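Below is one structure, written out as structure tokens, with a few remarks after it.
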Amino acid sequence: MIESFKLRDVEFKNRVLVASGTFGYGDEVPDLVDISRLGGIMTKSLSMKPRDGNPNPRITETSSGMLNSIGLANIGVHKFINEKLPALRAFDTRIIANIAASSVEEYCAVLELLDAESGVHGFEINVSCPNVKEGGLSFGTDPALVSRITRELRRRTAKPLIIKLTPNVTHISEFARACEAEGADALSVINTVIGMAVNIHKRTPKIATTTGGLSGPAVKPIALAKVYETVNAVKIPVIGIGGIVTWEDAAEFLIVGASMVQIGTANFINPSTGVTVAEGLKDFCAKNGLSDVGALVRTLQTNKTISVVDSWL
Amino acid sequence: MIESFKLRDVEFKNRVLVASGTFGYGDEVPDLVDISRLGGIMTKSLSMKPRDGNPNPRITETSSGMLNSIGLANIGVHKFINEKLPALRAFDTRIIANIAASSVEEYCAVLELLDAESGVHGFEINVSCPNVKEGGLSFGTDPALVSRITRELRRRTAKPLIIKLTPNVTHISEFARACEAEGADALSVINTVIGMAVNIHKRTPKIATTTGGLSGPAVKPIALAKVYETVNAVKIPVIGIGGIVTWEDAAEFLIVGASMVQIGTANFINPSTGVTVAEGLKDFCAKNGLSDVGALVRTLQTNKTISVVDSWL
Amino acid sequence: MKQELVPIHSFQQLTPEILELTFISDHLAATAQPGQFINIRVDNSFPLLRRPFSIFNIEGNKVSIIFNVIGTGTKVLARKRTGDTIDVLGPCGNHFLSFVDDSFDTALFIGGGIGVAPFPFLTSRYPAGKKVLTYVGGRQKDLIVQKGLRDPRIATDDGSLGFSGTVLDLIKRDLAASPVSRPRFFVCGPTRMMKAVAEYAKEIGASCYASLECDMACGIGLCQGCNIEMAAGDKKYRLVCKDGTIFETQSVKLP
Amino acid sequence: MKQELVPIHSFQQLTPEILELTFISDHLAATAQPGQFINIRVDNSFPLLRRPFSIFNIEGNKVSIIFNVIGTGTKVLARKRTGDTIDVLGPCGNHFLSFVDDSFDTALFIGGGIGVAPFPFLTSRYPAGKKVLTYVGGRQKDLIVQKGLRDPRIATDDGSLGFSGTVLDLIKRDLAASPVSRPRFFVCGPTRMMKAVAEYAKEIGASCYASLECDMACGIGLCQGCNIEMAAGDKKYRLVCKDGTIFETQSVKLP
Ligand SMILES: Cc1cc2nc3c(=O)[nH]c(=O)nc-3n(C[C@H](O)[C@H](O)[C@H](O)COP(=O)(O)OP(=O)(O)OC[C@H]3O[C@@H](n4cnc5c(N)ncnc54)[C@H](O)[C@@H]3O)c2cc1C
Ligand SMILES: Cc1cc2nc3c(=O)[nH]c(=O)nc-3n(C[C@H](O)[C@H](O)[C@H](O)COP(=O)(O)OP(=O)(O)OC[C@H]3O[C@@H](n4cnc5c(N)ncnc54)[C@H](O)[C@@H]3O)c2cc1C
Ligand SMILES: Cc1cc2nc3c(=O)[nH]c(=O)nc-3n(C[C@H](O)[C@H](O)[C@H](O)COP(=O)(O)O)c2cc1C
Ligand SMILES: Cc1cc2nc3c(=O)[nH]c(=O)nc-3n(C[C@H](O)[C@H](O)[C@H](O)COP(=O)(O)O)c2cc1C
Ligand code: FES
Ligand code: FES
């Protein structure tokens, strides 16, 4: 059974990765998870300087989901390189550094520092960050900025460059095409969906920042629709993320057209979800006479006789 | 206890309505629900001609939600006026006609027909419909079109005109402002969120139209965030919709700033949800020493010390 | 139609796979007809939607359904205990007796797997004078329910009980051996089986009524989610939950 | 730390409000320390996140927790049966014994309501030589658990059991009547109560360690969701699940 997938010259041993911000830097859970059975680890988003993150409360549970506003708390790229990377190099999996920043320059500077390091196999760029120079609006909702970030980063690395798109836009395909045009190697779809919850007794938001990011099974249908829109817009591989808990969930994403998947929130429930999802996909393919998990990718059969105009919701 | 709310000169006896497409034309459930205890009924979306709707399967359950692509199946405005409205006139509640159309002209024509009828107390305009002249893209994702629809309809009616916004846009506030500027009396927030689900054994979408509209508790956090964005952008009342099952859910929307709420998917589970939610809100206010349910509206206390820039997700 | 919280009276394991759940409802006992279904909220918050179940039988004010545990809803249901209450909405849908008239002589009740569910209740209410042949098919014997049926003839795919083969093969064999006069087929089961039976009925010039299944959000005509395409007529679609679940098979396009 | 499916051994109703659930785990029996918690997935799909529970006691390989039914998770848990398995991850967090040293003489164990949970286990493992006073407070007597505690002194807000008033009022009275030498407070309960105890400890120059509670998504340091603000030092926040749950109360800003 072939499970692997290649981006540029980097081979992932299987198509199941763990999502940024849901697995620490990869060094928190070794005794609970056999990391060598994961396709790869997307690190917690790294910024140039350490970030304390947002005040508490930072998380709250919702129906089949959770809201978070961690505020990209992280130790900063220097400490990551010095204190975390040496241990990560020993892991038999791919380490993709996820980068968050508040200016295009910061994205570039963080990437340059990491690009020089062995053991960093590629980059995932979190564009769902406030653009400090422009009053805090998210980079990820402006196609021109996402274009520019991709262009600048592409010039600076020959390693796989993955742009992680936000679902909080009207047409994600527009952003996907912009990234493809500027040389991105792949797209991660989706980051969290903006959401909110209220404590009616205190009449306060349930998380300190009022709104936060919704993740978990509740968003899986949204994520699948965004992946579907994206794979129909670009030729570069798409990494599906959003609400994956079981291998069946992952199979949905592959069938829709994702080349790989990431496990986020489910790691909080079962840190070894990635391993069981990879196993499940392998078994499913074996049972269906497929010799490569990749044979599932983009095998969705849609009803071509239903036109857009007919398909009013 | 004051429960009522007024839009123009139309008084709703309480702040809990039932959402379009989830309560038929209002005449399906009288023996299960005491309709006189509802603030109002938003009818199934009406178009000029009858619509068969989409092929089956039209619905599927998801984690704490459901996807639908009914295709706005409806009997058409003429049959509604002739066959449904006479019975509805006898109901002791407000009937708001929800209108869907595939051109600005159709919106206007349907509204004109209904505006002449007694027993139609106001309009809710479903702009999440494909614009047939423009290749099927949704009206609701183009601010200029939403503006134009509002302007044209406003000229044609003195009854309450409510525009129902889609959440599938980057900045719902932009649409809210456009509607307010053109004289809309209120905004309904939200319609369903685009989503998708896959049958991995057949490798087909679980609903015939591939993508559909996600509703139910899964979308409540998204709806609350959209209502929050909207109430901070306009002065006209906002009607909160999305995932309301209990009175506590409804209270969240009021506290965030919605003036009324609508019950959608929950009607499928308990057709009398609207009645129990209205009762629950009343009791909650009584217990909290409030003499008007409206005293809950927009009482959210947010942490002003957290700026947008700090609140990175 | 009513929504009520009803107390569970008992559970009975009918086969290693299939459970009968009995609860108390005066309302259903007084109003329900064979072939109708009830819509159960198995739990307060999860899963979200109600689950429809055929009425298996009614004795006094004891109403029962049968099910096998196949997913989230039936799993929760199987974990209930005697004395717990469940939230039941019903009776829903049309019923078999409205299709029982003088235009036929012999009824064939044909149940496939869990699709046997409506037939015990139908058996108990069926006009005494009219002739009935009852057939039950299933993949294997653990999926065959006989309770409440009159002299059921059984077919299993693997031959573990009764005739070895499909229930339609068995019917064909029986009807070839001893033809019946003016038959009408009443069938409930997997779509493939219902389609095959419907085709055979058409071949031999018999009428056939099938109780259809599909995903339902409301079960009472509110959501328009349960449409079935009509074979002809002015209406393109009808609702399985309200216009059905029982349809004359030539009137619809079976999916 | 391990994730395991463990069989439920028994349920015991400790008060009309509070249930003790005992399960079998060799792993926890061998590794857990007083004050640590376990994170339970109460069911396969609903609610989504695990629920943290203090280890109430360990005897042999029998591990127990106590809880009252307040929401979705505890409701599901209360419906489990002996023999069912539950998915347990643990032990998590730091523990009380790491704060037991020569710098104090008398420990005051102070539990508020269900916050009494860690103290029986702590009682059973506490160094034999050291003096302990145990206090339990609650709104009313149905919320007072005494099992596994040594001579607990009890306060209820409504006076339905023991002293009438808050547990802190009782402590103040007792300490005024018979002062103890070099006390250290170990407290677990509602935030308001812990804050009051911490303030009092500060007043009388005693040290105070509180086991904090907050919403947790993972319980093992992965999500960064359970931050608590530090009163001073280079780190603005620490994680309740990993750096705690037990903190010296002057080191943190209690919420
Ligand atoms: C009118 C009507 C009457 C019904 N009567 C009965 C009855 O008497 N007894 C009974 O057991 N069931 C009956 N059903 C089906 C029942 O309502 C449930 O859909 C079914 O038991 C599954 O519910 P669940 O929540 O356990 O499974 P889900 O969690 O909803 O589904 C789990 C998996 O099972 C599969 N599945 C779901 N529903 C079906 C189905 N109907 N057939 C085959 N596979 C399915 C799906 O592929 C899904 O992946 C009836 C359905 C209808 C519409
Ligand atoms: C480290 C740690 C140890 C814990 N130990 C125990 C223990 O030993 N025994 C025990 O019973 N609980 C303990 N808890 C709390 C427990 O984990 C659950 O959060 C709590 O029982 C509610 O779960 P639920 O799903 O039933 O309620 P939910 O459905 O999550 O909540 C229902 C409602 O209850 C309220 N609520 C939720 N959690 C709390 C809370 N912690 N305090 C007060 N109100 C709340 C909320 O307002 C919510 O609206 C501990 C928590 C932590 C963090
Ligand atoms: C607590 C939490 C923290 C997260 N932190 C980050 C982050 O630092 N960088 C990032 O790109 N995405 C972050 N994400 C988003 C996830 O990587 C993922 O895109 C999202 O949660 C959807 O997947 P899921 O539904 O499987 O969780 C975070 C998500 C959660 C729940
Ligand atoms: C089955 C179904 C049909 C719907 N039909 C319509 C419709 O015809 N017109 C409309 O404006 N909204 C329609 N909606 C959207 C609802 O009115 C509501 O905005 C949405 O479902 C979110 O609310 P909820 O989560 O409470 O269901 C429909 C929703 C569902 C689930
Ligand atoms: S299931 Fe809702 S209309 Fe039939
Ligand atoms: S609960 Fe996840 S880090 Fe503490």
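Just so we're on the same page: first chain in the structure tokens is A, next is B, and so on; residues restart at 1 for each chain, and ligands are numbered from 1 in the order they show up.
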
Report as a PyMOL selection string: the residues of region 62-254 of chain A with a DSSP assignment of strand (DSSP E or B), based on the backbone of this structure.
chain A and resi 62+65-68+74+94-99+122-126+130+138+161-164+186-189+193-196+198-199+204-205+211-215+238-241

Please produce a file of the residues just selected, as a PDB file, in the first residue's frame, where the atoms kept are C-alpha atoms.
```pdb
ATOM      1  CA  THR A  62     -19.868  24.807  21.390  1.00  0.00           C
ATOM      2  CA  GLY A  65     -17.083  22.396  18.119  1.00  0.00           C
ATOM      3  CA  MET A  66     -14.983  24.797  20.105  1.00  0.00           C
ATOM      4  CA  LEU A  67     -14.038  28.447  19.931  1.00  0.00           C
ATOM      5  CA  ASN A  68     -10.502  29.574  20.608  1.00  0.00           C
ATOM      6  CA  ASN A  74       4.354  31.135  20.997  1.00  0.00           C
ATOM      7  CA  ARG A  94       8.225  15.899   8.483  1.00  0.00           C
ATOM      8  CA  ILE A  95       8.310  19.164  10.393  1.00  0.00           C
ATOM      9  CA  ILE A  96       6.547  22.044   8.683  1.00  0.00           C
ATOM     10  CA  ALA A  97       7.083  25.390  10.355  1.00  0.00           C
ATOM     11  CA  ASN A  98       3.900  27.431  10.519  1.00  0.00           C
ATOM     12  CA  ILE A  99       4.573  31.161  10.427  1.00  0.00           C
ATOM     13  CA  GLY A 122       8.778  23.253   4.651  1.00  0.00           C
ATOM     14  CA  PHE A 123       6.539  26.157   5.562  1.00  0.00           C
ATOM     15  CA  GLU A 124       2.899  26.742   6.177  1.00  0.00           C
ATOM     16  CA  ILE A 125       1.939  30.402   6.194  1.00  0.00           C
ATOM     17  CA  ASN A 126      -0.865  31.463   8.488  1.00  0.00           C
ATOM     18  CA  PRO A 130      -3.991  41.058  11.751  1.00  0.00           C
ATOM     19  CA  SER A 138      -6.601  40.206   8.497  1.00  0.00           C
ATOM     20  CA  LEU A 161       5.654  26.644   0.643  1.00  0.00           C
ATOM     21  CA  ILE A 162       2.086  26.086   1.760  1.00  0.00           C
ATOM     22  CA  ILE A 163      -0.345  28.972   2.220  1.00  0.00           C
ATOM     23  CA  LYS A 164      -3.041  28.365   4.809  1.00  0.00           C
ATOM     24  CA  ALA A 186       0.120  23.813  -1.855  1.00  0.00           C
ATOM     25  CA  LEU A 187      -2.810  25.319   0.025  1.00  0.00           C
ATOM     26  CA  SER A 188      -4.107  24.444   3.470  1.00  0.00           C
ATOM     27  CA  VAL A 189      -7.885  24.794   3.706  1.00  0.00           C
ATOM     28  CA  VAL A 193     -14.275  30.076  11.151  1.00  0.00           C
ATOM     29  CA  ILE A 194     -15.055  33.289  13.044  1.00  0.00           C
ATOM     30  CA  GLY A 195     -17.552  32.601  15.794  1.00  0.00           C
ATOM     31  CA  MET A 196     -18.805  33.743  19.157  1.00  0.00           C
ATOM     32  CA  VAL A 198     -22.184  34.362  25.176  1.00  0.00           C
ATOM     33  CA  ASN A 199     -22.525  33.657  28.864  1.00  0.00           C
ATOM     34  CA  THR A 204     -20.173  38.555  28.612  1.00  0.00           C
ATOM     35  CA  PRO A 205     -18.553  36.783  25.687  1.00  0.00           C
ATOM     36  CA  THR A 211     -15.036  36.539  18.830  1.00  0.00           C
ATOM     37  CA  GLY A 212     -12.776  33.565  18.227  1.00  0.00           C
ATOM     38  CA  GLY A 213     -12.076  30.745  15.829  1.00  0.00           C
ATOM     39  CA  LEU A 214     -14.544  27.892  15.495  1.00  0.00           C
ATOM     40  CA  SER A 215     -13.141  24.417  14.861  1.00  0.00           C
ATOM     41  CA  VAL A 238      -4.801  21.169  -1.369  1.00  0.00           C
ATOM     42  CA  ILE A 239      -4.479  20.019   2.240  1.00  0.00           C
ATOM     43  CA  GLY A 240      -7.903  19.540   3.788  1.00  0.00           C
ATOM     44  CA  ILE A 241      -8.497  20.640   7.397  1.00  0.00           C
TER      45      ILE A 241
END
```

What are the residues of chain D that have an atom within 12 Å of an atom of chain B, counting only C-alpha atoms, as a list in words?
Ser45, Phe46, Pro47, Leu48, Gln224 and Gly225 of chain D

Residues of chain B that have any atom at most 7 Å from an atom of chain A: could you tabulate them with the shortest-distance atom pair and the distance in Å to one decimal, using only C-alpha atoms, ordered by chain and increasing number, as JSON lines?
```
{"residue": "B:Asn54", "atom": "CA", "partner": "A:Ser311", "partner_atom": "CA", "distance": 6.5}
{"residue": "B:Ser63", "atom": "CA", "partner": "A:Ala218", "partner_atom": "CA", "distance": 5.5}
{"residue": "B:Ser64", "atom": "CA", "partner": "A:Ser64", "partner_atom": "CA", "distance": 6.0}
{"residue": "B:Asn68", "atom": "CA", "partner": "A:Leu313", "partner_atom": "CA", "distance": 6.7}
{"residue": "B:Ser69", "atom": "CA", "partner": "A:Leu313", "partner_atom": "CA", "distance": 4.2}
{"residue": "B:Ile70", "atom": "CA", "partner": "A:Leu313", "partner_atom": "CA", "distance": 5.7}
{"residue": "B:Gly71", "atom": "CA", "partner": "A:Trp312", "partner_atom": "CA", "distance": 4.4}
{"residue": "B:Leu72", "atom": "CA", "partner": "A:Trp312", "partner_atom": "CA", "distance": 6.4}
{"residue": "B:Cys129", "atom": "CA", "partner": "A:Trp312", "partner_atom": "CA", "distance": 6.1}
{"residue": "B:Pro130", "atom": "CA", "partner": "A:Val309", "partner_atom": "CA", "distance": 5.9}
{"residue": "B:Val132", "atom": "CA", "partner": "A:Val309", "partner_atom": "CA", "distance": 6.5}
{"residue": "B:Gly136", "atom": "CA", "partner": "A:Val309", "partner_atom": "CA", "distance": 5.2}
{"residue": "B:Asn168", "atom": "CA", "partner": "A:Thr170", "partner_atom": "CA", "distance": 5.6}
{"residue": "B:Val169", "atom": "CA", "partner": "A:Thr170", "partner_atom": "CA", "distance": 4.1}
{"residue": "B:Thr170", "atom": "CA", "partner": "A:Val169", "partner_atom": "CA", "distance": 4.1}
{"residue": "B:Ile194", "atom": "CA", "partner": "A:Ile222", "partner_atom": "CA", "distance": 6.1}
{"residue": "B:Gly195", "atom": "CA", "partner": "A:Ile222", "partner_atom": "CA", "distance": 4.3}
{"residue": "B:Met196", "atom": "CA", "partner": "A:Pro221", "partner_atom": "CA", "distance": 4.6}
{"residue": "B:Ala197", "atom": "CA", "partner": "A:Pro221", "partner_atom": "CA", "distance": 5.7}
{"residue": "B:Val198", "atom": "CA", "partner": "A:Glu252", "partner_atom": "CA", "distance": 5.5}
{"residue": "B:Ile200", "atom": "CA", "partner": "A:Glu252", "partner_atom": "CA", "distance": 5.9}
{"residue": "B:Arg203", "atom": "CA", "partner": "A:Leu300", "partner_atom": "CA", "distance": 5.1}
{"residue": "B:Thr204", "atom": "CA", "partner": "A:Gln301", "partner_atom": "CA", "distance": 5.1}
{"residue": "B:Pro205", "atom": "CA", "partner": "A:Thr302", "partner_atom": "CA", "distance": 6.6}
{"residue": "B:Ala208", "atom": "CA", "partner": "A:Asn303", "partner_atom": "CA", "distance": 6.7}
{"residue": "B:Thr209", "atom": "CA", "partner": "A:Ser311", "partner_atom": "CA", "distance": 5.8}
{"residue": "B:Thr210", "atom": "CA", "partner": "A:Thr302", "partner_atom": "CA", "distance": 6.5}
{"residue": "B:Thr211", "atom": "CA", "partner": "A:Ala225", "partner_atom": "CA", "distance": 6.5}
{"residue": "B:Gly212", "atom": "CA", "partner": "A:Leu313", "partner_atom": "CA", "distance": 5.8}
{"residue": "B:Gly213", "atom": "CA", "partner": "A:Leu313", "partner_atom": "CA", "distance": 6.1}
{"residue": "B:Pro217", "atom": "CA", "partner": "A:Ser63", "partner_atom": "CA", "distance": 5.9}
{"residue": "B:Ala218", "atom": "CA", "partner": "A:Ala218", "partner_atom": "CA", "distance": 4.9}
{"residue": "B:Pro221", "atom": "CA", "partner": "A:Gly195", "partner_atom": "CA", "distance": 4.5}
{"residue": "B:Ile222", "atom": "CA", "partner": "A:Gly195", "partner_atom": "CA", "distance": 4.3}
{"residue": "B:Leu224", "atom": "CA", "partner": "A:Met196", "partner_atom": "CA", "distance": 5.6}
{"residue": "B:Ala225", "atom": "CA", "partner": "A:Gly195", "partner_atom": "CA", "distance": 5.0}
{"residue": "B:Ala251", "atom": "CA", "partner": "A:Ile200", "partner_atom": "CA", "distance": 6.6}
{"residue": "B:Glu252", "atom": "CA", "partner": "A:Val198", "partner_atom": "CA", "distance": 5.5}
{"residue": "B:Ile255", "atom": "CA", "partner": "A:Arg203", "partner_atom": "CA", "distance": 6.7}
{"residue": "B:Thr299", "atom": "CA", "partner": "A:Arg203", "partner_atom": "CA", "distance": 6.7}
{"residue": "B:Leu300", "atom": "CA", "partner": "A:Arg203", "partner_atom": "CA", "distance": 5.1}
{"residue": "B:Gln301", "atom": "CA", "partner": "A:Thr204", "partner_atom": "CA", "distance": 5.1}
{"residue": "B:Thr302", "atom": "CA", "partner": "A:Thr204", "partner_atom": "CA", "distance": 6.1}
{"residue": "B:Asn303", "atom": "CA", "partner": "A:Ala208", "partner_atom": "CA", "distance": 6.7}
{"residue": "B:Ile306", "atom": "CA", "partner": "A:Thr209", "partner_atom": "CA", "distance": 6.5}
{"residue": "B:Val308", "atom": "CA", "partner": "A:Gly136", "partner_atom": "CA", "distance": 6.1}
{"residue": "B:Val309", "atom": "CA", "partner": "A:Gly136", "partner_atom": "CA", "distance": 5.2}
{"residue": "B:Asp310", "atom": "CA", "partner": "A:Asn54", "partner_atom": "CA", "distance": 6.9}
{"residue": "B:Ser311", "atom": "CA", "partner": "A:Gly71", "partner_atom": "CA", "distance": 5.7}
{"residue": "B:Trp312", "atom": "CA", "partner": "A:Gly71", "partner_atom": "CA", "distance": 4.4}
{"residue": "B:Leu313", "atom": "CA", "partner": "A:Ser69", "partner_atom": "CA", "distance": 4.3}
```

Could you turn the residues from that selection into a file that holds N, CA and C atoms, as a compact mmCIF listing (two decimals), in the first residue's frame?
```txt
# COMPACT_ATOMS: atom_id res chain seq x y z
N ASN B 54 -35.16 21.11 -5.91
CA ASN B 54 -34.05 20.26 -6.35
C ASN B 54 -34.38 18.78 -6.24
N SER B 63 -22.70 16.90 12.07
CA SER B 63 -22.51 17.04 13.51
C SER B 63 -23.22 18.28 14.02
N SER B 64 -24.25 18.11 14.82
CA SER B 64 -25.03 19.22 15.38
C SER B 64 -25.59 20.16 14.32
N ASN B 68 -29.04 21.40 3.71
CA ASN B 68 -30.21 21.26 2.85
C ASN B 68 -29.98 21.95 1.52
N SER B 69 -30.62 21.40 0.51
CA SER B 69 -30.71 22.10 -0.78
C SER B 69 -32.09 21.79 -1.33
N ILE B 70 -33.06 22.43 -0.69
CA ILE B 70 -34.45 22.24 -1.10
C ILE B 70 -34.68 22.83 -2.49
N GLY B 71 -33.93 23.87 -2.81
CA GLY B 71 -34.11 24.50 -4.11
C GLY B 71 -35.31 25.42 -4.11
N LEU B 72 -35.64 25.93 -2.95
CA LEU B 72 -36.74 26.89 -2.82
C LEU B 72 -38.02 26.38 -3.46
N CYS B 129 -30.05 33.95 -3.52
CA CYS B 129 -30.60 33.27 -4.68
C CYS B 129 -29.69 33.56 -5.86
N PRO B 130 -29.61 32.61 -6.78
CA PRO B 130 -28.74 32.84 -7.94
C PRO B 130 -29.33 33.89 -8.87
N VAL B 132 -29.82 34.87 -12.18
CA VAL B 132 -29.80 34.12 -13.43
C VAL B 132 -29.12 34.92 -14.54
N GLY B 136 -25.67 33.02 -12.48
CA GLY B 136 -26.02 32.21 -11.32
C GLY B 136 -25.32 32.55 -10.03
N ASN B 168 -22.19 34.05 3.93
CA ASN B 168 -21.08 33.57 3.10
C ASN B 168 -20.34 34.70 2.40
N VAL B 169 -20.02 35.74 3.17
CA VAL B 169 -19.31 36.90 2.63
C VAL B 169 -18.22 37.29 3.63
N THR B 170 -17.25 38.04 3.14
CA THR B 170 -16.14 38.44 3.99
C THR B 170 -16.59 39.42 5.07
N ILE B 194 -22.69 27.85 3.52
CA ILE B 194 -22.43 26.84 2.48
C ILE B 194 -21.61 25.68 3.05
N GLY B 195 -22.09 24.48 2.80
CA GLY B 195 -21.41 23.30 3.32
C GLY B 195 -21.60 22.11 2.41
N MET B 196 -21.00 21.01 2.80
CA MET B 196 -20.97 19.84 1.94
C MET B 196 -20.71 18.60 2.78
N ALA B 197 -21.17 17.45 2.31
CA ALA B 197 -20.89 16.19 2.99
C ALA B 197 -20.81 15.10 1.92
N VAL B 198 -20.00 14.09 2.20
CA VAL B 198 -19.71 13.07 1.18
C VAL B 198 -20.03 11.68 1.70
N ILE B 200 -18.76 8.31 1.55
CA ILE B 200 -17.46 7.81 1.12
C ILE B 200 -17.56 6.44 0.44
N ARG B 203 -18.94 7.50 -2.94
CA ARG B 203 -18.14 8.63 -3.44
C ARG B 203 -19.00 9.65 -4.17
N THR B 204 -20.09 9.97 -3.54
CA THR B 204 -20.98 11.01 -4.07
C THR B 204 -21.26 12.01 -2.96
N PRO B 205 -21.66 13.22 -3.35
CA PRO B 205 -22.12 14.17 -2.32
C PRO B 205 -23.36 13.59 -1.66
N ALA B 208 -27.96 16.10 -3.45
CA ALA B 208 -27.86 16.05 -4.92
C ALA B 208 -27.12 17.23 -5.53
N THR B 209 -27.20 18.39 -4.88
CA THR B 209 -26.60 19.59 -5.46
C THR B 209 -25.13 19.78 -5.06
N THR B 210 -24.52 18.76 -4.53
CA THR B 210 -23.11 18.78 -4.07
C THR B 210 -22.95 19.64 -2.82
N THR B 211 -23.13 20.95 -2.95
CA THR B 211 -23.08 21.78 -1.76
C THR B 211 -24.51 22.17 -1.35
N GLY B 212 -24.67 22.55 -0.10
CA GLY B 212 -25.99 22.95 0.39
C GLY B 212 -25.82 23.95 1.51
N GLY B 213 -26.90 24.19 2.21
CA GLY B 213 -26.87 25.18 3.28
C GLY B 213 -26.83 24.52 4.64
N PRO B 217 -27.52 23.94 15.44
CA PRO B 217 -26.62 24.39 16.50
C PRO B 217 -25.16 24.55 16.07
N ALA B 218 -24.72 23.77 15.10
CA ALA B 218 -23.33 23.88 14.63
C ALA B 218 -23.01 25.30 14.19
N PRO B 221 -22.44 29.64 16.73
CA PRO B 221 -21.34 30.59 16.98
C PRO B 221 -21.07 31.51 15.80
N ILE B 222 -21.22 30.98 14.60
CA ILE B 222 -21.00 31.79 13.39
C ILE B 222 -22.08 32.86 13.30
N LEU B 224 -23.87 34.16 15.72
CA LEU B 224 -23.69 35.18 16.76
C LEU B 224 -22.61 36.18 16.35
N ALA B 225 -21.54 35.69 15.76
CA ALA B 225 -20.47 36.60 15.34
C ALA B 225 -20.95 37.51 14.22
N ALA B 251 -31.45 34.05 24.06
CA ALA B 251 -30.95 35.11 24.93
C ALA B 251 -29.56 35.55 24.48
N GLU B 252 -28.74 34.61 24.04
CA GLU B 252 -27.41 34.99 23.54
C GLU B 252 -27.53 36.01 22.41
N ILE B 255 -28.74 39.44 23.74
CA ILE B 255 -27.67 40.10 24.48
C ILE B 255 -26.63 40.69 23.53
N THR B 299 -26.96 44.07 25.63
CA THR B 299 -26.40 44.32 26.95
C THR B 299 -25.06 43.60 27.13
N LEU B 300 -24.47 43.16 26.04
CA LEU B 300 -23.19 42.45 26.13
C LEU B 300 -22.10 43.37 26.67
N GLN B 301 -21.37 42.87 27.64
CA GLN B 301 -20.23 43.63 28.15
C GLN B 301 -18.97 43.01 27.58
N THR B 302 -18.28 43.77 26.76
CA THR B 302 -17.06 43.21 26.18
C THR B 302 -15.85 43.85 26.83
N ASN B 303 -14.76 43.19 26.67
CA ASN B 303 -13.51 43.63 27.27
C ASN B 303 -12.86 44.66 26.35
N ILE B 306 -9.07 44.83 25.16
CA ILE B 306 -8.44 43.96 24.18
C ILE B 306 -8.66 44.53 22.79
N VAL B 308 -8.20 44.94 18.61
CA VAL B 308 -8.26 44.00 17.50
C VAL B 308 -6.90 43.35 17.27
N VAL B 309 -5.86 44.15 17.35
CA VAL B 309 -4.53 43.64 17.03
C VAL B 309 -4.10 42.56 18.03
N ASP B 310 -4.48 42.77 19.27
CA ASP B 310 -4.12 41.75 20.26
C ASP B 310 -4.90 40.46 20.05
N SER B 311 -6.07 40.61 19.48
CA SER B 311 -6.94 39.46 19.49
C SER B 311 -6.73 38.55 18.29
N TRP B 312 -5.51 38.23 18.01
CA TRP B 312 -5.21 37.21 17.02
C TRP B 312 -5.89 35.93 17.48
N LEU B 313 -6.47 35.27 16.57
CA LEU B 313 -7.04 33.98 16.93
C LEU B 313 -5.91 33.02 17.25
```

From region 194-243 of chain A, collect each residue whose DSSP state is alpha helix (DSSP H) and return the set as a list in words.
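Residues of region 194-243 of chain A classed as alpha helix (DSSP H): Lys220, Pro221, Ile222, Ala223, Leu224, Ala225, Lys226, Val227, Tyr228, Glu229, Thr230 and Val231 of chain A.
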
Could you turn the residues from that selection into a file that holds C-alpha atoms, as a compact mmCIF listing (two decimals), in the first residue's frame?
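Result written to part.txt:
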```
# COMPACT_ATOMS: atom_id res chain seq x y z
CA LYS A 220 -16.47 19.94 8.70
CA PRO A 221 -19.24 20.63 6.15
CA ILE A 222 -17.93 24.17 5.69
CA ALA A 223 -14.37 22.94 5.28
CA LEU A 224 -15.40 20.34 2.71
CA ALA A 225 -17.23 22.99 0.67
CA LYS A 226 -14.18 25.28 0.80
CA VAL A 227 -11.89 22.45 -0.26
CA TYR A 228 -14.28 21.64 -3.09
CA GLU A 229 -14.23 25.25 -4.27
CA THR A 230 -10.44 25.35 -4.01
CA VAL A 231 -9.64 22.12 -5.84
```
